[in-house]
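Okay, data_3.cif now, which holds mmCIF, C-alpha atoms:
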data_structure
#
loop_
_atom_site.group_PDB
_atom_site.id
_atom_site.type_symbol
_atom_site.label_atom_id
_atom_site.label_comp_id
_atom_site.auth_asym_id
_atom_site.auth_seq_id
_atom_site.Cartn_x
_atom_site.Cartn_y
_atom_site.Cartn_z
ATOM 1 C CA MET A 194 13.145 35.547 -8.837
ATOM 2 C CA LEU A 195 14.656 35.076 -12.298
ATOM 3 C CA ILE A 196 12.498 37.888 -13.649
ATOM 4 C CA ILE A 197 13.777 40.248 -10.954
ATOM 5 C CA VAL A 198 17.400 39.349 -11.791
ATOM 6 C CA PHE A 199 16.723 39.850 -15.493
ATOM 7 C CA ILE A 200 15.046 43.237 -15.001
ATOM 8 C CA SER A 201 17.824 44.395 -12.638
ATOM 9 C CA THR A 202 20.512 43.370 -15.125
ATOM 10 C CA ALA A 203 18.715 45.075 -17.996
ATOM 11 C CA LEU A 204 18.227 48.233 -15.930
ATOM 12 C CA PHE A 205 21.881 48.261 -14.871
ATOM 13 C CA GLY A 206 22.951 47.790 -18.487
ATOM 14 C CA TRP A 207 20.718 50.640 -19.658
ATOM 15 C CA ILE A 208 22.041 52.992 -16.954
ATOM 16 C CA LYS A 209 25.652 52.032 -17.699
ATOM 17 C CA PHE A 210 25.138 52.510 -21.449
ATOM 18 C CA ASN A 211 23.679 55.976 -21.012
ATOM 19 C CA GLU A 212 26.191 57.191 -18.441
ATOM 20 C CA THR A 213 27.911 60.480 -19.201
ATOM 21 C CA ALA A 214 31.326 61.565 -17.954
ATOM 22 C CA ILE A 215 31.624 62.151 -14.204
ATOM 23 C CA PRO A 216 31.897 65.913 -13.543
ATOM 24 C CA THR A 217 35.460 66.818 -12.532
ATOM 25 C CA GLN A 218 34.158 68.458 -9.333
ATOM 26 C CA GLN A 219 33.289 64.968 -8.074
ATOM 27 C CA LEU A 220 36.826 63.661 -8.491
ATOM 28 C CA SER A 221 38.511 63.912 -5.123
ATOM 29 C CA ASN A 222 42.048 62.820 -6.085
ATOM 30 C CA ALA A 223 44.127 65.040 -8.305
ATOM 31 C CA GLU A 224 47.828 65.094 -9.073
ATOM 32 C CA ALA A 225 50.062 68.079 -9.633
ATOM 33 C CA LEU A 226 53.128 68.031 -11.830
ATOM 34 C CA ASN A 227 56.259 68.028 -9.707
ATOM 35 C CA GLU A 228 59.720 69.331 -10.575
ATOM 36 C CA THR A 229 60.892 65.915 -11.800
ATOM 37 C CA HIS A 230 58.042 65.689 -14.293
ATOM 38 C CA THR A 231 58.483 69.197 -15.662
ATOM 39 C CA ALA A 232 62.265 68.760 -15.885
ATOM 40 C CA LEU A 233 61.835 65.537 -17.866
ATOM 41 C CA VAL A 234 59.298 67.165 -20.179
ATOM 42 C CA LEU A 235 61.465 70.211 -20.841
ATOM 43 C CA LYS A 236 64.728 68.277 -21.140
ATOM 44 C CA LYS A 237 63.480 65.572 -23.476
ATOM 45 C CA ALA A 238 60.983 67.847 -25.220
ATOM 46 C CA ASN A 239 58.486 65.005 -25.190
ATOM 47 C CA PHE A 240 55.648 64.211 -22.907
ATOM 48 C CA GLU A 241 55.942 60.449 -22.491
ATOM 49 C CA SER A 242 57.117 60.935 -18.927
ATOM 50 C CA LEU A 243 53.570 62.086 -18.144
ATOM 51 C CA ASN A 244 51.880 58.936 -19.469
ATOM 52 C CA GLU A 245 51.221 57.752 -15.903
ATOM 53 C CA PHE A 246 48.723 60.615 -15.581
ATOM 54 C CA ILE A 247 46.602 59.749 -18.627
ATOM 55 C CA GLU A 248 42.900 59.631 -17.692
ATOM 56 C CA LYS A 249 43.720 61.037 -14.250
ATOM 57 C CA ALA A 250 42.865 64.429 -12.800
ATOM 58 C CA LEU A 251 45.703 66.963 -12.921
ATOM 59 C CA VAL A 252 45.892 70.353 -11.229
ATOM 60 C CA ILE A 253 47.857 72.926 -13.212
ATOM 61 C CA GLU A 254 48.562 76.615 -12.691
ATOM 62 C CA GLY A 255 49.611 79.085 -15.309
ATOM 63 C CA SER A 256 48.888 82.307 -17.118
ATOM 64 C CA ILE A 257 46.266 82.498 -19.834
ATOM 65 C CA LYS A 258 47.657 82.843 -23.358
ATOM 66 C CA LYS A 259 44.449 82.443 -25.314
ATOM 67 C CA ILE A 260 40.734 82.139 -24.576
ATOM 68 C CA ASP A 261 38.239 80.680 -27.037
ATOM 69 C CA LEU A 262 34.513 80.282 -26.507
ATOM 70 C CA ASN A 263 32.511 77.912 -28.653
ATOM 71 C CA ASP A 264 29.619 76.616 -26.529
ATOM 72 C CA THR A 265 32.267 75.879 -23.845
ATOM 73 C CA TYR A 266 35.533 77.607 -23.062
ATOM 74 C CA ASN A 267 38.932 76.428 -24.230
ATOM 75 C CA ILE A 268 41.983 78.049 -22.685
ATOM 76 C CA MET A 269 45.646 77.811 -23.625
ATOM 77 C CA LEU A 270 47.804 78.501 -20.607
ATOM 78 C CA LEU A 271 51.535 78.651 -20.041
ATOM 79 C CA THR A 272 52.961 77.281 -16.798
ATOM 80 C CA GLU A 273 55.854 78.938 -14.975
ATOM 81 C CA ASP A 274 58.081 76.201 -16.422
ATOM 82 C CA LYS A 275 56.995 77.258 -19.923
ATOM 83 C CA ILE A 276 54.869 74.202 -20.622
ATOM 84 C CA LEU A 277 51.884 74.959 -22.864
ATOM 85 C CA VAL A 278 48.583 73.441 -21.756
ATOM 86 C CA SER A 279 45.229 73.339 -23.531
ATOM 87 C CA CYS A 280 42.124 72.928 -21.335
ATOM 88 C CA LYS A 281 38.608 72.357 -22.560
ATOM 89 C CA PHE A 282 36.245 73.338 -19.781
ATOM 90 C CA GLN A 283 32.953 71.864 -18.648
ATOM 91 C CA LYS A 284 29.907 73.887 -19.645
ATOM 92 C CA ASP A 285 29.105 74.692 -16.004
ATOM 93 C CA GLN A 286 32.308 76.764 -15.866
ATOM 94 C CA ASN A 287 31.137 79.296 -18.494
ATOM 95 C CA ASP A 288 29.951 81.904 -15.990
ATOM 96 C CA ILE A 289 33.167 81.670 -13.953
ATOM 97 C CA LEU A 290 35.406 81.963 -17.026
ATOM 98 C CA LYS A 291 33.638 85.082 -18.313
ATOM 99 C CA THR A 292 35.633 87.036 -15.719
ATOM 100 C CA TYR A 293 39.046 85.843 -16.960
ATOM 101 C CA ASN A 294 41.225 87.577 -19.557
ATOM 102 C CA GLU A 295 44.458 86.842 -21.416
ATOM 103 C CA GLY A 296 47.408 87.317 -19.085
ATOM 104 C CA ASP A 297 45.437 86.357 -15.930
ATOM 105 C CA LYS A 298 46.766 83.624 -13.678
ATOM 106 C CA ILE A 299 44.507 80.607 -13.333
ATOM 107 C CA LYS A 300 44.516 77.272 -11.517
ATOM 108 C CA ILE A 301 42.621 74.459 -13.197
ATOM 109 C CA LYS A 302 41.787 70.827 -12.637
ATOM 110 C CA GLY A 303 41.098 68.592 -15.605
ATOM 111 C CA ILE A 304 41.447 65.061 -16.963
ATOM 112 C CA TYR A 305 44.795 64.589 -18.669
ATOM 113 C CA LYS A 306 44.399 62.932 -22.077
ATOM 114 C CA GLY A 307 47.918 63.131 -23.448
ATOM 115 C CA ALA A 308 49.937 65.625 -25.444
ATOM 116 C CA LEU A 309 50.737 66.849 -28.922
ATOM 117 C CA ASN A 310 53.221 69.712 -28.564
ATOM 118 C CA TYR A 311 51.223 70.867 -25.525
ATOM 119 C CA LEU A 312 49.395 69.043 -22.746
ATOM 120 C CA ILE A 313 45.719 68.378 -23.362
ATOM 121 C CA LEU A 314 43.163 68.322 -20.562
ATOM 122 C CA LEU A 315 39.411 67.891 -20.912
ATOM 123 C CA ASN A 316 36.469 68.388 -18.543
ATOM 124 C CA CYS A 317 38.396 71.206 -16.870
ATOM 125 C CA ILE A 318 37.138 73.277 -13.948
ATOM 126 C CA VAL A 319 38.541 76.367 -12.315
ATOM 127 C CA GLU A 320 40.163 75.282 -9.087
ATOM 128 C CA ASN A 321 39.779 77.649 -6.173
ATOM 129 C CA ASN A 322 42.906 78.225 -4.063
ATOM 130 C CA MET B 218 50.576 114.120 -45.775
ATOM 131 C CA ARG B 219 47.282 112.284 -46.376
ATOM 132 C CA LYS B 220 48.768 110.628 -49.480
ATOM 133 C CA HIS B 221 51.729 109.346 -47.447
ATOM 134 C CA LEU B 222 49.445 108.032 -44.713
ATOM 135 C CA CYS B 223 47.290 106.129 -47.245
ATOM 136 C CA LEU B 224 50.374 104.564 -48.790
ATOM 137 C CA LEU B 225 51.631 103.495 -45.379
ATOM 138 C CA LEU B 226 48.299 101.832 -44.568
ATOM 139 C CA LEU B 227 48.192 100.036 -47.916
ATOM 140 C CA LEU B 228 51.772 98.760 -47.674
ATOM 141 C CA PRO B 229 50.965 95.465 -45.823
ATOM 142 C CA LEU B 230 48.332 94.637 -48.444
ATOM 143 C CA LEU B 231 50.668 95.420 -51.323
ATOM 144 C CA MET B 232 53.417 93.260 -49.837
ATOM 145 C CA GLY B 233 51.081 90.364 -49.029
ATOM 146 C CA PHE B 234 50.900 89.489 -45.361
ATOM 147 C CA ALA B 235 52.483 86.054 -45.652
ATOM 148 C CA LYS B 236 56.225 86.314 -46.086
ATOM 149 C CA LYS B 237 58.087 83.472 -47.796
ATOM 150 C CA GLY B 238 58.584 80.539 -45.387
ATOM 151 C CA ASP B 239 55.769 81.591 -43.026
ATOM 152 C CA LYS B 240 54.071 78.786 -41.173
ATOM 153 C CA PHE B 241 50.606 78.938 -39.717
ATOM 154 C CA ILE B 242 49.397 76.910 -36.757
ATOM 155 C CA ALA B 243 46.027 75.774 -35.444
ATOM 156 C CA ARG B 244 46.156 74.381 -31.906
ATOM 157 C CA ASN B 245 42.455 73.918 -31.272
ATOM 158 C CA GLY B 246 41.384 72.594 -34.628
ATOM 159 C CA LYS B 247 38.189 70.560 -34.674
ATOM 160 C CA VAL B 248 37.735 67.097 -36.117
ATOM 161 C CA SER B 249 34.396 65.308 -35.807
ATOM 162 C CA PHE B 250 33.216 61.959 -37.029
ATOM 163 C CA PHE B 251 29.771 60.587 -37.577
ATOM 164 C CA SER B 252 28.642 57.002 -37.972
ATOM 165 C CA TYR B 253 25.093 56.524 -39.134
ATOM 166 C CA VAL B 254 23.178 53.249 -39.076
ATOM 167 C CA SER B 255 19.467 52.687 -38.567
ATOM 168 C CA ALA B 256 20.089 51.215 -35.083
ATOM 169 C CA GLU B 257 22.164 54.105 -33.772
ATOM 170 C CA ASN B 258 24.012 57.310 -34.655
ATOM 171 C CA ILE B 259 27.435 57.762 -33.138
ATOM 172 C CA LYS B 260 28.983 61.187 -33.056
ATOM 173 C CA ALA B 261 32.230 62.397 -31.493
ATOM 174 C CA SER B 262 34.354 65.488 -31.725
ATOM 175 C CA ASN B 263 37.817 66.587 -30.819
ATOM 176 C CA ASN B 264 38.752 70.253 -30.694
ATOM 177 C CA GLN B 265 42.298 69.775 -29.537
ATOM 178 C CA VAL B 266 43.687 69.027 -32.971
ATOM 179 C CA LEU B 267 47.059 70.450 -34.003
ATOM 180 C CA SER B 268 47.735 71.470 -37.575
ATOM 181 C CA LEU B 269 50.453 73.302 -39.464
ATOM 182 C CA PHE B 270 49.955 74.954 -42.835
ATOM 183 C CA GLU B 271 52.646 76.418 -45.093
ATOM 184 C CA PRO B 272 50.945 78.543 -47.763
ATOM 185 C CA ASN B 273 54.089 78.996 -49.865
ATOM 186 C CA THR B 274 54.620 75.219 -50.250
ATOM 187 C CA ASN B 275 50.923 74.235 -49.838
ATOM 188 C CA LYS B 276 51.978 71.627 -47.284
ATOM 189 C CA LEU B 277 49.563 70.669 -44.541
ATOM 190 C CA ALA B 278 50.133 68.488 -41.473
ATOM 191 C CA VAL B 279 47.634 67.390 -38.832
ATOM 192 C CA SER B 280 48.106 65.559 -35.532
ATOM 193 C CA ILE B 281 45.119 64.193 -33.600
ATOM 194 C CA LEU B 282 45.234 62.867 -30.045
ATOM 195 C CA MET B 283 42.675 60.049 -30.130
ATOM 196 C CA ARG B 284 41.826 60.213 -26.410
ATOM 197 C CA ALA B 285 40.658 63.788 -26.908
ATOM 198 C CA PHE B 286 37.555 62.665 -28.836
ATOM 199 C CA GLN B 287 34.489 63.274 -26.700
ATOM 200 C CA PHE B 288 31.313 61.220 -26.961
ATOM 201 C CA GLU B 289 27.926 61.850 -25.400
ATOM 202 C CA LYS B 290 28.095 58.501 -23.596
ATOM 203 C CA SER B 291 31.191 57.632 -21.581
ATOM 204 C CA LEU B 292 30.851 53.901 -22.340
ATOM 205 C CA MET B 293 31.175 54.627 -26.065
ATOM 206 C CA GLN B 294 34.253 56.723 -25.339
ATOM 207 C CA GLU B 295 35.720 53.825 -23.354
ATOM 208 C CA HIS B 296 35.041 51.282 -26.126
ATOM 209 C CA PHE B 297 36.424 53.668 -28.740
ATOM 210 C CA ASN B 298 39.742 54.051 -26.882
ATOM 211 C CA ASP B 299 40.118 50.567 -25.394
ATOM 212 C CA SER B 300 38.741 48.310 -28.134
ATOM 213 C CA TYR B 301 38.506 50.075 -31.495
ATOM 214 C CA ILE B 302 41.438 52.493 -31.639
ATOM 215 C CA GLU B 303 43.548 50.915 -28.828
ATOM 216 C CA SER B 304 44.678 54.409 -27.868
ATOM 217 C CA ASP B 305 47.325 53.111 -25.449
ATOM 218 C CA ILE B 306 49.177 51.568 -28.396
ATOM 219 C CA TYR B 307 48.212 54.111 -31.060
ATOM 220 C CA PRO B 308 47.680 57.417 -29.222
ATOM 221 C CA LYS B 309 47.709 59.642 -32.312
ATOM 222 C CA ALA B 310 46.403 59.836 -35.840
ATOM 223 C CA THR B 311 48.303 61.981 -38.335
ATOM 224 C CA PHE B 312 47.860 63.443 -41.776
ATOM 225 C CA GLU B 313 50.527 64.832 -44.089
ATOM 226 C CA GLY B 314 49.616 66.230 -47.428
ATOM 227 C CA THR B 315 49.379 69.061 -49.892
ATOM 228 C CA VAL B 316 46.677 71.454 -50.968
ATOM 229 C CA LEU B 317 46.524 71.088 -54.758
ATOM 230 C CA ASN B 318 46.626 74.247 -56.889
ATOM 231 C CA PHE B 319 46.237 76.628 -53.973
ATOM 232 C CA ASP B 320 46.560 80.289 -54.974
ATOM 233 C CA ASP B 321 47.945 82.221 -52.010
ATOM 234 C CA ASP B 322 47.564 85.541 -53.834
ATOM 235 C CA PHE B 323 43.789 85.177 -53.751
ATOM 236 C CA SER B 324 42.020 86.605 -50.675
ATOM 237 C CA GLY B 325 38.731 84.896 -49.974
ATOM 238 C CA THR B 326 37.527 81.307 -50.172
ATOM 239 C CA GLN B 327 38.820 78.693 -52.596
ATOM 240 C CA THR B 328 37.563 75.125 -52.864
ATOM 241 C CA LYS B 329 40.506 72.809 -53.387
ATOM 242 C CA ILE B 330 41.510 69.165 -53.094
ATOM 243 C CA ILE B 331 43.859 68.144 -50.301
ATOM 244 C CA LYS B 332 45.803 65.002 -51.047
ATOM 245 C CA GLY B 333 47.998 63.090 -48.659
ATOM 246 C CA ASN B 334 48.534 60.192 -46.282
ATOM 247 C CA PHE B 335 46.422 59.531 -43.230
ATOM 248 C CA THR B 336 47.838 57.276 -40.516
ATOM 249 C CA LEU B 337 45.662 55.638 -37.890
ATOM 250 C CA ARG B 338 46.542 52.602 -35.746
ATOM 251 C CA GLY B 339 49.925 52.477 -37.463
ATOM 252 C CA ILE B 340 48.300 52.007 -40.886
ATOM 253 C CA THR B 341 48.845 54.642 -43.593
ATOM 254 C CA VAL B 342 46.232 55.144 -46.270
ATOM 255 C CA PRO B 343 46.320 57.703 -49.107
ATOM 256 C CA ILE B 344 43.271 59.988 -49.051
ATOM 257 C CA LYS B 345 41.868 62.919 -50.993
ATOM 258 C CA MET B 346 39.391 65.395 -49.580
ATOM 259 C CA LYS B 347 37.617 68.521 -50.705
ATOM 260 C CA ALA B 348 38.127 71.580 -48.542
ATOM 261 C CA ASP B 349 37.278 75.262 -48.450
ATOM 262 C CA ILE B 350 40.311 77.406 -47.732
ATOM 263 C CA THR B 351 39.642 80.972 -46.660
ATOM 264 C CA LYS B 352 42.396 83.543 -46.479
ATOM 265 C CA THR B 353 41.611 86.538 -44.308
ATOM 266 C CA TYR B 354 43.775 89.521 -43.474
ATOM 267 C CA LYS B 355 45.629 87.744 -40.700
ATOM 268 C CA ASN B 356 44.846 84.031 -40.831
ATOM 269 C CA TYR B 357 43.623 81.018 -42.779
ATOM 270 C CA ILE B 358 40.599 78.821 -42.196
ATOM 271 C CA ILE B 359 40.381 75.336 -43.686
ATOM 272 C CA ASN B 360 37.269 73.218 -43.432
ATOM 273 C CA GLY B 361 36.027 70.172 -45.258
ATOM 274 C CA GLU B 362 35.036 66.573 -44.936
ATOM 275 C CA THR B 363 35.834 63.098 -46.156
ATOM 276 C CA ASP B 364 34.717 59.494 -45.690
ATOM 277 C CA LEU B 365 36.916 56.858 -44.103
ATOM 278 C CA ASN B 366 36.415 53.072 -44.202
ATOM 279 C CA ILE B 367 37.055 51.523 -40.822
ATOM 280 C CA LYS B 368 38.208 48.275 -42.469
ATOM 281 C CA ASP B 369 41.171 50.129 -44.041
ATOM 282 C CA PHE B 370 42.548 50.624 -40.519
ATOM 283 C CA LYS B 371 41.813 47.078 -39.294
ATOM 284 C CA ILE B 372 39.336 48.335 -36.726
ATOM 285 C CA ASN B 373 37.634 45.192 -35.460
ATOM 286 C CA VAL B 374 34.006 45.590 -34.581
ATOM 287 C CA PRO B 375 32.566 42.645 -32.601
ATOM 288 C CA GLN B 376 29.811 40.861 -34.504
ATOM 289 C CA ILE B 377 27.277 41.731 -31.816
ATOM 290 C CA LEU B 378 27.875 45.432 -32.446
ATOM 291 C CA ALA B 379 28.229 45.210 -36.243
ATOM 292 C CA ASN B 380 24.771 46.708 -36.854
ATOM 293 C CA ARG B 381 25.534 49.664 -34.550
ATOM 294 C CA ILE B 382 28.619 50.983 -36.337
ATOM 295 C CA SER B 383 28.803 52.046 -39.956
ATOM 296 C CA GLN B 384 31.615 50.676 -42.150
ATOM 297 C CA THR B 385 32.066 54.180 -43.548
ATOM 298 C CA VAL B 386 32.477 57.068 -41.167
ATOM 299 C CA LYS B 387 32.038 60.701 -42.209
ATOM 300 C CA VAL B 388 34.871 62.882 -40.914
ATOM 301 C CA SER B 389 34.667 66.670 -40.928
ATOM 302 C CA PHE B 390 37.347 69.160 -39.961
ATOM 303 C CA ASN B 391 37.679 72.863 -39.240
ATOM 304 C CA PHE B 392 41.027 74.550 -38.588
ATOM 305 C CA LYS B 393 41.639 78.211 -37.903
ATOM 306 C CA TYR B 394 45.313 79.071 -38.357
ATOM 307 C CA ASP B 395 47.316 81.903 -36.862
ATOM 308 C CA ARG B 396 50.873 82.809 -37.699
ATOM 309 C CA TYR B 397 53.278 80.419 -35.985
ATOM 310 C CA GLU B 398 55.443 82.312 -33.529
ATOM 311 C CA LYS B 399 58.046 80.190 -31.730
#

Could you render the structure from this file as structure tokens?
Amino acid sequence: MLIIVFISTALFGWIKFNETAIPTQQLSNAEALNETHTALVLKKANFESLNEFIEKALVIEGSIKKIDLNDTYNIMLLTEDKILVSCKFQKDQNDILKTYNEGDKIKIKGIYKGALNYLILLNCIVENN
Amino acid sequence: MRKHLCLLLLLPLLMGFAKKGDKFIARNGKVSFFSYVSAENIKASNNQVLSLFEPNTNKLAVSILMRAFQFEKSLMQEHFNDSYIESDIYPKATFEGTVLNFDDDFSGTQTKIIKGNFTLRGITVPIKMKADITKTYKNYIINGETDLNIKDFKINVPQILANRISQTVKVSFNFKYDRYEK
């Protein structure tokens, strides 16, 4: 009995240690920035009002300002409220993002990590309407 | 006519493309760190780093969002943010410094020393690092590396994990700057 418990614990520990990030597609809950949030961000010119969303999935829409590809895509987009957002995409999004160009509108879902002078999201995916 | 056309094309080069007071910005700069011990290698990178460079004053500033470092294993990422860096309390690391003896009239790559103050977990430490600075027709690229001692920033590593994390971490950086347009 003790041996079974020990092996199970060791196996669980090994699995937990080697876990990689959950793909964003598997995250069912996602927030969107509402007017209050964007107003606070633009008025105060700081992003602390968005701290409640750190490590949570956010859905953001905007137009593409810049596209970079370096193994995975990174896109800078500008929302309608003129908030700049940087999204680093998951590798499985490479084929989808090939079809996008600067100036295109895009809707993305990603994990909000915080902000410098722009919002930063990682593990982004293209969100279908 | 041809002579006038040639002169017109050469004009930007003759003037130098960076006007006085120009700032250059990198919004997706890359910073990576590497900890090597015999038990385990730990590697993480962050390509959401913001940096500003002023070639006429040689000033350089960097801001790093610590939660944007990505690790292969999510548990390592969790420990990094929750236990070692305490990213909720210290969300950013910053660097402010100067590129020593930088010659902005030279097009191509120069190897220079960057000297300044690096702040992590609220602790500021003076550092010097060697970097290659490349000036192209329309932008600058700065890349280099340095070593940081985790003890300098009071990063507490539990005894049980002491043999898994190096006391000295190698940090490398790569920034590609474009002209800063507000």

* Choose the residue, out of B:Lys332, B:Met283, B:Ala348, B:Val248, that has the smallest atom-to-atom separation from Ile302 in chain B; count only C-alpha atoms. => B:Met283

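For chain B, the residues close to chain A, meaning within 8 Å and counting only C-alpha atoms, are B:Gln265, B:Leu267, B:Ser280, B:Ile281, B:Leu282, B:Arg284, B:Ala285, B:Glu289, B:Lys290, B:Ser291, B:Leu292, B:Met293.
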
* **Atom-to-atom span, CA of Ala278 in chain B and CA of Glu273 in chain A, Å** =>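 Pair CA of Ala278 in chain B / CA of Glu273 in chain A returns 29.1 Å.
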
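Here CA of Phe390 in chain B is placed at a distance of 19.3 Å from CA of Phe370 in chain B.
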
* To do: Expand the PyMOL selection byres ((chain A and resi 287) around 12) into the individual residues it matches in the shown file, reporting them as a list in words.
  => Ile260, Asp261, Leu262, Asn263, Asp264, Thr265, Tyr266, Asn267, Ile268, Lys281, Phe282, Gln283, Lys284, Asp285, Gln286, Asp288, Ile289, Leu290, Lys291, Thr292, Tyr293, Cys317, Ile318 and Val319 of chain A

* Asked: Can you tell me, as JSON, numbers by chain, what residues are no more than 12 Å from Asn373 in chain B when counting all atoms listed in the file, ignoring any on the same chain fewer than 5 positions away?
  -> {"B": [296, 297, 299, 300, 301, 302, 303, 338, 366, 367, 368, 378, 379, 382, 384]}
